[in-house]
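Have a look at upload-v5.tsv; it's TSV, C-alpha atoms:
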```tsv
chain	number	residue	atom	x	y	z
A	1	MET	CA	-2.09	-29.64	26.30
A	2	ALA	CA	-3.18	-28.50	29.75
A	3	ILE	CA	-4.75	-31.04	32.08
A	4	ARG	CA	-8.49	-30.68	32.57
A	5	TYR	CA	-8.99	-31.06	36.31
A	6	ASP	CA	-12.53	-32.38	36.45
A	7	LYS	CA	-14.31	-33.35	39.64
A	8	LYS	CA	-13.28	-37.02	39.40
A	9	LEU	CA	-9.59	-36.26	38.89
A	10	ASN	CA	-9.50	-33.68	41.66
A	11	SER	CA	-11.13	-36.18	44.00
A	12	GLU	CA	-8.50	-38.80	43.15
A	13	ILE	CA	-5.69	-36.27	43.66
A	14	ASN	CA	-7.03	-35.16	47.03
A	15	LYS	CA	-7.46	-38.73	48.26
A	16	THR	CA	-4.02	-39.81	47.02
A	17	ILE	CA	-2.22	-36.84	48.60
A	18	ARG	CA	-4.12	-37.28	51.86
A	19	ASN	CA	-3.30	-40.98	52.17
A	20	PHE	CA	0.33	-40.43	51.11
A	21	ASN	CA	0.98	-37.59	53.57
A	22	GLN	CA	-0.93	-39.24	56.42
A	23	LYS	CA	1.16	-42.40	56.19
A	24	ILE	CA	4.37	-40.34	56.21
A	25	ALA	CA	3.16	-38.37	59.26
A	26	ARG	CA	2.19	-41.57	61.06
A	27	LEU	CA	5.57	-43.17	60.39
A	28	GLU	CA	7.45	-40.03	61.43
A	29	LYS	CA	5.81	-40.18	64.85
A	30	MET	CA	7.08	-43.71	65.35
A	31	GLN	CA	10.70	-42.43	65.15
A	32	ASN	CA	12.10	-45.67	63.77
A	33	ASP	CA	14.74	-44.14	61.46
A	34	LEU	CA	12.90	-44.95	58.26
A	35	ILE	CA	13.96	-43.23	55.04
A	36	LEU	CA	10.69	-41.56	54.08
A	37	PRO	CA	9.68	-39.60	50.97
A	38	GLU	CA	8.86	-35.92	51.35
A	39	LYS	CA	5.24	-34.89	51.77
A	40	ILE	CA	3.65	-33.21	48.78
A	41	THR	CA	0.97	-30.56	48.31
A	42	LYS	CA	-1.64	-30.33	45.60
A	43	LYS	CA	-0.07	-27.10	44.33
A	44	GLU	CA	3.35	-28.76	43.99
A	45	LEU	CA	1.85	-31.75	42.18
A	46	LYS	CA	-0.05	-29.61	39.67
A	47	SER	CA	2.93	-27.37	38.96
A	48	GLU	CA	5.21	-30.33	38.19
A	49	TYR	CA	3.07	-32.22	35.68
A	50	TYR	CA	1.54	-30.96	32.42
A	51	THR	CA	-0.14	-34.02	30.93
A	52	ARG	CA	-2.73	-36.40	32.30
A	53	SER	CA	-0.53	-39.44	31.58
A	54	ASP	CA	2.45	-38.02	33.51
A	55	LEU	CA	0.19	-36.99	36.38
A	56	ARG	CA	-1.45	-40.42	36.56
A	57	ARG	CA	1.96	-42.09	36.60
A	58	LYS	CA	2.88	-39.98	39.62
A	59	LEU	CA	-0.43	-40.72	41.31
A	60	ARG	CA	0.09	-44.45	40.86
A	61	GLU	CA	3.54	-44.12	42.38
A	62	MET	CA	2.12	-42.28	45.41
A	63	GLN	CA	-0.72	-44.76	45.76
A	64	SER	CA	1.76	-47.63	45.87
A	65	PHE	CA	3.14	-46.14	49.10
A	66	SER	CA	0.02	-47.50	50.83
A	67	THR	CA	1.35	-51.06	50.30
A	68	ARG	CA	2.18	-52.68	53.62
A	69	GLY	CA	5.92	-52.76	54.35
A	70	ILE	CA	6.96	-50.72	51.32
A	71	GLU	CA	8.43	-48.09	53.65
A	72	GLN	CA	10.96	-50.54	55.09
A	73	THR	CA	14.66	-49.81	54.60
A	74	VAL	CA	16.71	-52.12	52.41
A	75	GLN	CA	20.44	-52.21	51.73
A	76	THR	CA	21.59	-52.67	48.15
A	77	SER	CA	24.59	-54.70	47.01
A	78	GLY	CA	26.41	-51.39	46.66
A	79	GLY	CA	25.94	-50.72	50.36
A	80	VAL	CA	23.30	-48.00	49.99
A	81	ASN	CA	20.38	-47.80	52.41
A	82	LEU	CA	17.07	-46.64	50.94
A	83	SER	CA	13.41	-47.47	51.26
A	84	LYS	CA	11.84	-50.30	49.30
A	85	PHE	CA	9.46	-47.67	47.90
A	86	GLU	CA	12.30	-45.58	46.47
A	87	LEU	CA	14.17	-48.59	45.08
A	88	ILE	CA	11.09	-49.94	43.27
A	89	ASN	CA	10.33	-46.56	41.73
A	90	LEU	CA	13.95	-45.91	40.78
A	91	LYS	CA	14.04	-49.19	38.85
A	92	ARG	CA	10.70	-48.45	37.20
A	93	GLU	CA	11.70	-44.89	36.22
A	94	SER	CA	15.08	-46.05	34.94
A	95	LYS	CA	13.44	-48.65	32.70
A	96	ARG	CA	10.91	-46.12	31.37
A	97	ILE	CA	13.46	-43.42	30.59
A	98	LYS	CA	15.95	-45.80	28.96
A	99	ALA	CA	13.17	-47.14	26.75
A	100	SER	CA	12.17	-43.59	25.81
A	101	LEU	CA	15.78	-42.66	24.95
A	102	THR	CA	16.18	-45.82	22.88
A	103	ARG	CA	13.04	-45.03	20.86
A	104	GLU	CA	14.26	-41.49	20.15
A	105	ILE	CA	17.74	-42.71	19.18
A	106	ASN	CA	16.30	-45.35	16.84
A	107	LYS	CA	14.06	-42.74	15.24
A	108	LEU	CA	17.00	-40.39	14.57
A	109	GLU	CA	18.90	-43.24	12.95
A	110	ARG	CA	16.11	-43.42	10.35
A	111	LEU	CA	14.97	-39.79	10.20
A	112	LYS	CA	16.53	-37.27	7.81
A	113	PRO	CA	16.75	-33.53	8.52
A	114	LYS	CA	14.71	-31.10	6.46
A	115	VAL	CA	15.64	-27.59	5.30
A	116	PHE	CA	12.64	-25.41	4.39
A	117	GLY	CA	10.58	-28.58	3.98
A	118	VAL	CA	13.08	-30.39	1.74
A	119	GLU	CA	14.38	-33.69	3.10
A	120	GLN	CA	18.17	-34.02	3.10
A	121	ALA	CA	20.24	-37.00	1.93
A	122	SER	CA	21.63	-38.27	5.27
A	123	THR	CA	20.02	-39.22	8.58
A	124	PHE	CA	20.63	-37.38	11.85
A	125	SER	CA	22.90	-40.18	13.02
A	126	GLN	CA	24.92	-40.12	9.80
A	127	ILE	CA	25.66	-36.39	10.05
A	128	GLY	CA	26.59	-36.69	13.74
A	129	ASP	CA	23.78	-34.40	14.91
A	130	GLN	CA	24.51	-33.00	18.38
A	131	TYR	CA	21.08	-33.86	19.79
A	132	TYR	CA	21.52	-37.46	18.60
A	133	LEU	CA	24.99	-37.66	20.16
A	134	ASN	CA	23.66	-36.23	23.45
A	135	LEU	CA	20.93	-38.86	23.58
A	136	LYS	CA	23.47	-41.62	22.95
A	137	ALA	CA	25.74	-40.28	25.72
A	138	ARG	CA	22.84	-40.06	28.17
A	139	ARG	CA	21.65	-43.56	27.30
A	140	LYS	CA	25.18	-44.89	27.85
A	141	ALA	CA	25.45	-43.12	31.21
A	142	LEU	CA	22.23	-44.83	32.34
A	143	GLU	CA	23.61	-48.25	31.40
A	144	LYS	CA	26.43	-48.22	33.96
A	145	GLY	CA	25.52	-51.36	35.83
A	146	ASP	CA	22.52	-52.40	37.85
A	147	ILE	CA	21.11	-49.79	40.24
A	148	VAL	CA	21.52	-52.11	43.22
A	149	ASN	CA	25.27	-52.39	42.57
A	150	LEU	CA	25.97	-48.65	42.53
A	151	ARG	CA	27.77	-47.06	45.46
A	152	SER	CA	26.27	-44.09	47.27
A	153	GLU	CA	27.86	-41.33	45.16
A	154	GLN	CA	27.22	-43.23	41.94
A	155	LEU	CA	23.57	-43.72	42.87
A	156	GLN	CA	23.14	-40.02	43.64
A	157	ARG	CA	24.55	-39.08	40.24
A	158	TYR	CA	22.33	-41.69	38.61
A	159	LYS	CA	19.22	-40.31	40.33
A	160	LYS	CA	20.08	-36.75	39.29
A	161	LEU	CA	20.52	-37.87	35.70
A	162	LEU	CA	17.15	-39.64	35.74
A	163	GLU	CA	15.44	-36.57	37.23
A	164	LYS	CA	17.11	-34.21	34.76
A	165	THR	CA	16.18	-36.40	31.78
A	166	ALA	CA	12.55	-36.72	32.88
A	167	LYS	CA	12.26	-32.99	33.61
A	168	ASN	CA	13.85	-32.13	30.27
A	169	LYS	CA	11.40	-34.36	28.43
A	170	ARG	CA	8.41	-32.79	30.23
A	171	TYR	CA	9.70	-29.32	29.35
A	172	TYR	CA	10.11	-30.04	25.64
A	173	ASN	CA	6.81	-31.92	25.40
A	174	ASN	CA	4.74	-29.25	27.12
A	175	VAL	CA	6.43	-25.87	27.66
A	176	PHE	CA	8.97	-25.50	24.87
A	177	LYS	CA	6.52	-24.43	22.16
A	178	SER	CA	5.39	-21.31	24.03
A	179	ASN	CA	9.00	-20.44	24.93
A	180	TYR	CA	10.08	-20.86	21.31
A	181	LEU	CA	7.33	-18.52	20.11
A	182	GLU	CA	8.48	-15.95	22.66
A	183	MET	CA	12.04	-16.24	21.34
A	184	LEU	CA	10.76	-15.92	17.77
A	185	THR	CA	8.92	-12.72	18.78
A	186	ASP	CA	11.80	-11.23	20.80
A	187	LEU	CA	14.29	-11.87	18.02
A	188	GLY	CA	11.97	-10.30	15.44
A	189	TYR	CA	11.45	-7.20	17.57
A	190	TYR	CA	15.16	-6.90	18.37
A	191	TYR	CA	16.05	-6.82	14.67
A	192	ASN	CA	13.01	-4.66	13.82
A	193	TYR	CA	11.40	-7.27	11.58
A	194	ASP	CA	8.04	-6.45	9.98
A	195	LYS	CA	5.41	-6.94	12.71
A	196	GLU	CA	2.65	-8.12	10.38
A	197	LYS	CA	4.87	-10.77	8.82
A	198	LEU	CA	6.03	-11.85	12.27
A	199	ALA	CA	2.42	-12.20	13.46
A	200	GLU	CA	1.62	-14.30	10.38
A	201	LEU	CA	4.56	-16.62	11.02
A	202	LYS	CA	3.60	-17.07	14.67
A	203	GLU	CA	-0.01	-17.76	13.77
A	204	ARG	CA	0.97	-20.53	11.38
A	205	LEU	CA	3.22	-22.21	13.96
A	206	MET	CA	0.61	-21.87	16.70
A	207	GLN	CA	-1.73	-24.09	14.69
A	208	LEU	CA	0.41	-27.10	15.65
A	209	ASP	CA	-0.05	-28.75	19.04
A	210	SER	CA	2.96	-29.10	21.36
A	211	ASP	CA	3.76	-32.64	20.27
A	212	ASN	CA	3.77	-31.93	16.54
A	213	PHE	CA	5.57	-28.64	17.00
A	214	LEU	CA	8.37	-30.47	18.81
A	215	LYS	CA	8.59	-33.01	15.97
A	216	LEU	CA	8.83	-30.11	13.53
A	217	PHE	CA	11.53	-28.41	15.61
A	218	ARG	CA	13.60	-31.60	15.87
A	219	GLN	CA	13.55	-32.26	12.12
A	220	GLU	CA	13.32	-28.85	10.43
A	221	GLN	CA	16.67	-27.05	10.50
A	222	SER	CA	15.25	-23.69	9.39
A	223	ILE	CA	12.96	-23.62	12.46
A	224	LYS	CA	15.90	-24.55	14.66
A	225	ALA	CA	18.05	-21.76	13.14
A	226	ILE	CA	16.19	-19.15	15.21
A	227	LEU	CA	18.14	-20.39	18.24
A	228	ASP	CA	21.44	-19.59	16.50
A	229	TYR	CA	20.61	-15.88	16.52
A	230	TYR	CA	18.65	-15.61	19.77
A	231	PRO	CA	21.72	-15.36	22.08
A	232	THR	CA	22.41	-11.91	20.59
A	233	VAL	CA	19.15	-10.74	22.18
A	234	ILE	CA	20.02	-11.82	25.74
A	235	LYS	CA	23.83	-12.07	25.86
A	236	ASN	CA	25.16	-9.35	23.60
A	237	PHE	CA	27.31	-7.50	26.15
A	238	ASP	CA	30.54	-8.48	27.87
A	239	SER	CA	31.30	-8.00	31.57
A	240	LYS	CA	32.25	-4.37	30.93
A	241	GLY	CA	29.04	-3.58	29.09
A	242	LYS	CA	30.66	-3.56	25.67
A	243	LEU	CA	28.55	-4.69	22.70
A	244	LEU	CA	29.75	-8.09	21.48
A	245	ILE	CA	27.96	-8.17	18.12
A	246	ASN	CA	26.62	-5.17	16.26
A	247	PRO	CA	22.93	-5.97	15.52
A	248	ASP	CA	23.28	-4.26	12.13
A	249	ASP	CA	25.74	-6.96	11.09
A	250	LEU	CA	23.08	-9.67	11.49
A	251	LYS	CA	19.91	-7.78	10.65
A	252	ASP	CA	19.84	-8.85	6.99
A	253	ASP	CA	20.56	-12.48	7.91
A	254	VAL	CA	17.70	-12.57	10.43
A	255	SER	CA	15.28	-10.81	8.06
A	256	ASN	CA	16.17	-13.20	5.24
A	257	LEU	CA	15.61	-16.19	7.51
A	258	TYR	CA	12.18	-14.92	8.61
A	259	ASP	CA	11.21	-14.15	5.00
A	260	ALA	CA	12.30	-17.62	3.88
A	261	LEU	CA	10.33	-19.24	6.71
A	262	ILE	CA	7.17	-17.36	5.68
A	263	ASP	CA	7.66	-18.19	1.99
A	264	SER	CA	8.17	-21.89	2.76
A	265	ILE	CA	5.80	-22.27	5.73
A	266	ASP	CA	3.34	-24.49	3.81
A	267	ASP	CA	6.10	-26.92	2.81
A	268	ILE	CA	7.61	-26.76	6.30
A	269	THR	CA	4.41	-27.58	8.18
A	270	LYS	CA	2.39	-29.71	5.75
A	271	ASP	CA	3.35	-33.10	7.23
A	272	TYR	CA	2.88	-31.93	10.80
A	273	LYS	CA	-0.45	-30.20	10.13
A	274	TRP	CA	-1.87	-33.53	8.89
A	275	LYS	CA	-0.53	-35.30	11.97
A	276	ASN	CA	-2.05	-32.53	14.07
A	277	LEU	CA	-5.42	-33.03	12.35
A	278	GLN	CA	-5.20	-36.78	12.98
A	279	VAL	CA	-4.81	-36.13	16.72
A	280	ILE	CA	-7.77	-33.73	16.79
A	281	LEU	CA	-10.03	-36.11	14.83
A	282	LYS	CA	-9.02	-39.05	17.01
A	283	GLN	CA	-9.89	-37.09	20.17
A	284	MET	CA	-13.25	-36.10	18.69
A	285	PHE	CA	-14.13	-39.68	17.80
A	286	LEU	CA	-13.06	-40.96	21.22
A	287	LYS	CA	-15.38	-38.42	22.85
A	288	LEU	CA	-18.14	-39.50	20.48
A	289	ILE	CA	-17.59	-43.15	21.40
A	290	ALA	CA	-17.74	-42.25	25.09
A	291	GLU	CA	-21.04	-40.43	24.55
A	292	PHE	CA	-22.48	-43.34	22.58
A	293	GLY	CA	-21.32	-45.67	25.34
A	294	ARG	CA	-23.69	-43.92	27.75
A	295	MET	CA	-26.67	-44.48	25.47
A	296	HIS	CA	-28.11	-47.93	26.09
A	297	TYR	CA	-29.93	-48.13	22.79
A	298	VAL	CA	-26.80	-47.77	20.66
A	299	LYS	CA	-25.72	-51.09	19.24
A	300	LEU	CA	-22.18	-52.47	19.42
A	301	GLU	CA	-21.87	-52.19	15.62
A	302	ILE	CA	-21.85	-48.37	15.81
A	303	GLN	CA	-18.97	-48.33	18.27
A	304	THR	CA	-17.11	-50.84	16.08
A	305	ILE	CA	-17.52	-48.55	13.06
A	306	LEU	CA	-16.18	-45.58	15.04
A	307	TYR	CA	-13.14	-47.54	16.15
A	308	MET	CA	-12.50	-48.49	12.51
A	309	VAL	CA	-12.63	-44.78	11.57
A	310	ILE	CA	-10.03	-44.05	14.25
A	311	GLN	CA	-7.75	-46.71	12.77
A	312	LEU	CA	-8.08	-45.11	9.34
A	313	ILE	CA	-7.31	-41.66	10.75
A	314	THR	CA	-4.13	-42.85	12.43
A	315	LEU	CA	-2.70	-44.72	9.42
```
Show this structure as structure tokens.
Amino acid sequence: MAIRYDKKLNSEINKTIRNFNQKIARLEKMQNDLILPEKITKKELKSEYYTRSDLRRKLREMQSFSTRGIEQTVQTSGGVNLSKFELINLKRESKRIKASLTREINKLERLKPKVFGVEQASTFSQIGDQYYLNLKARRKALEKGDIVNLRSEQLQRYKKLLEKTAKNKRYYNNVFKSNYLEMLTDLGYYYNYDKEKLAELKERLMQLDSDNFLKLFRQEQSIKAILDYYPTVIKNFDSKGKLLINPDDLKDDVSNLYDALIDSIDDITKDYKWKNLQVILKQMFLKLIAEFGRMHYVKLEIQTILYMVIQLITL
């Protein structure tokens, strides 16, 4: 969901960027060989973050740069010089990402794949799912000792892995749904699938928000199967321009997959549509509570009742 940049948020962003960049400029003039972060523009900040929570986390990080002495250079046990600011935020980001990976791994050790809405017998971990194995490998790579003990090259690799993991998570949480729907459309057009049926399938998937669509994609193997055929749309010629796979050889397979998705779409999406509705209702009630909070004559009991409704919605 796109961030709503209201007047209050824009004001906070402007103030944070101004203070952050001004301190960097002031320290640069002192020429005391400090290791300073790069300045940032409002355009860069907005293009990098898609949710209010991610944006606020970044703003808090930038605001912490105003702390006296946080720009000072420290040397780690591994012999690496970096600013106290960078070291603090590296440790914080490492802890956050490792916790996120652990939650996802634990979930896949309990969760079972579905095929056209039918839950399978084994969990993702039991079948050796590639996504599960990738998460385990990434989590292991981030456990290689304490950050302060890493040598320069090790620390650089560690930082790149953290950045890649965080960026990957932001992409899947916020951008992937629209990209998937584009792939679904391109693949359908490439194999000349019925346009009305394709539009119907897209419409049903668009009803899910980004978060619930991603949960659907992770669990439902029939939704994921689109990606098995999509490479034929973009990489179907060798270096000499020769066709690698004749589209006619796969046309029936793709059409059958799309038909099966449409026939089973209610079973495929039913759990996620309810979760989607829960999110929408919760947001509506939170807005209602906020409005009631501005009305002095509303008693505390009304707000308590609304909070109880929220708890029931999220069960």
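Across the model, the gap from atom CA of A:Ser210 to atom CA of A:Asn174 is 6.0 Å.
Reported to one decimal place, the separation of atom CA of A:Phe176 from atom CA of A:Ile13 is 26.2 Å.
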| request: Extract, using all atoms listed in the file, all DNA, RNA and protein residues at most 8 Å from stretch 60-64 of chain A, discarding same-chain residues fewer than 5 positions from it, and format them as a count of residues only. | output: 6
| message | Please compute the atom CA of A:Asn149-atom CA of A:Leu87 distance, one decimal, in Å. | response | 12.0 Å
| remark: A:Leu187 proximity check over A:Leu216, A:Ala166, A:Leu250, A:Leu155, using only C-alpha atoms: winner is A:Leu250
Stretch 122-196 of chain A near stretch 222-234 of chain A within 12 Å: what's each residue's closest atom pair and its distance in Å to one decimal, counting only C-alpha atoms, ordered by chain then ascending residue number, as CSV?
```
residue,atom,partner,partner_atom,distance
A:Tyr131,CA,A:Lys224,CA,11.8
A:Lys177,CA,A:Ile223,CA,11.7
A:Asn179,CA,A:Leu227,CA,11.3
A:Tyr180,CA,A:Leu227,CA,8.6
A:Leu181,CA,A:Ile226,CA,10.1
A:Glu182,CA,A:Tyr230,CA,10.6
A:Met183,CA,A:Tyr230,CA,6.8
A:Leu184,CA,A:Ile226,CA,6.8
A:Thr185,CA,A:Tyr230,CA,10.2
A:Asp186,CA,A:Val233,CA,7.5
A:Leu187,CA,A:Tyr230,CA,6.0
A:Gly188,CA,A:Tyr230,CA,9.6
A:Tyr189,CA,A:Val233,CA,9.6
A:Tyr190,CA,A:Val233,CA,6.7
A:Tyr191,CA,A:Val233,CA,9.0
```
| Residues at most 9 Å from A:Asn81, counting all atoms listed in the file, excluding those fewer than 3 positions away in the same chain, as number ranges by chain? | A: 35, 73-76, 152
| said: Can you pull out the residues contacting A:Arg110? Cut-off 12 Å, using only C-alpha atoms, and skip same-chain residues under 2 positions away; I want them as a PyMOL selection string. | reply: chain A and resi 103-108+112-113+121-127+132+219
Let's have the selection written as an mmCIF file, in the frame of the given file, with C-alpha atoms.
```cif
data_model
loop_
_atom_site.group_PDB
_atom_site.id
_atom_site.type_symbol
_atom_site.label_atom_id
_atom_site.label_comp_id
_atom_site.auth_asym_id
_atom_site.auth_seq_id
_atom_site.Cartn_x
_atom_site.Cartn_y
_atom_site.Cartn_z
ATOM 1 C CA ARG A 103 13.040 -45.030 20.860
ATOM 2 C CA GLU A 104 14.260 -41.490 20.150
ATOM 3 C CA ILE A 105 17.740 -42.710 19.180
ATOM 4 C CA ASN A 106 16.300 -45.350 16.840
ATOM 5 C CA LYS A 107 14.060 -42.740 15.240
ATOM 6 C CA LEU A 108 17.000 -40.390 14.570
ATOM 7 C CA LYS A 112 16.530 -37.270 7.810
ATOM 8 C CA PRO A 113 16.750 -33.530 8.520
ATOM 9 C CA ALA A 121 20.240 -37.000 1.930
ATOM 10 C CA SER A 122 21.630 -38.270 5.270
ATOM 11 C CA THR A 123 20.020 -39.220 8.580
ATOM 12 C CA PHE A 124 20.630 -37.380 11.850
ATOM 13 C CA SER A 125 22.900 -40.180 13.020
ATOM 14 C CA GLN A 126 24.920 -40.120 9.800
ATOM 15 C CA ILE A 127 25.660 -36.390 10.050
ATOM 16 C CA TYR A 132 21.520 -37.460 18.600
ATOM 17 C CA GLN A 219 13.550 -32.260 12.120
#
```
| remark: Using only C-alpha atoms, the residue out of A:Phe237, A:Tyr5, A:Tyr50, A:Phe116 with shortest distance to A:Asp266 is A:Phe116
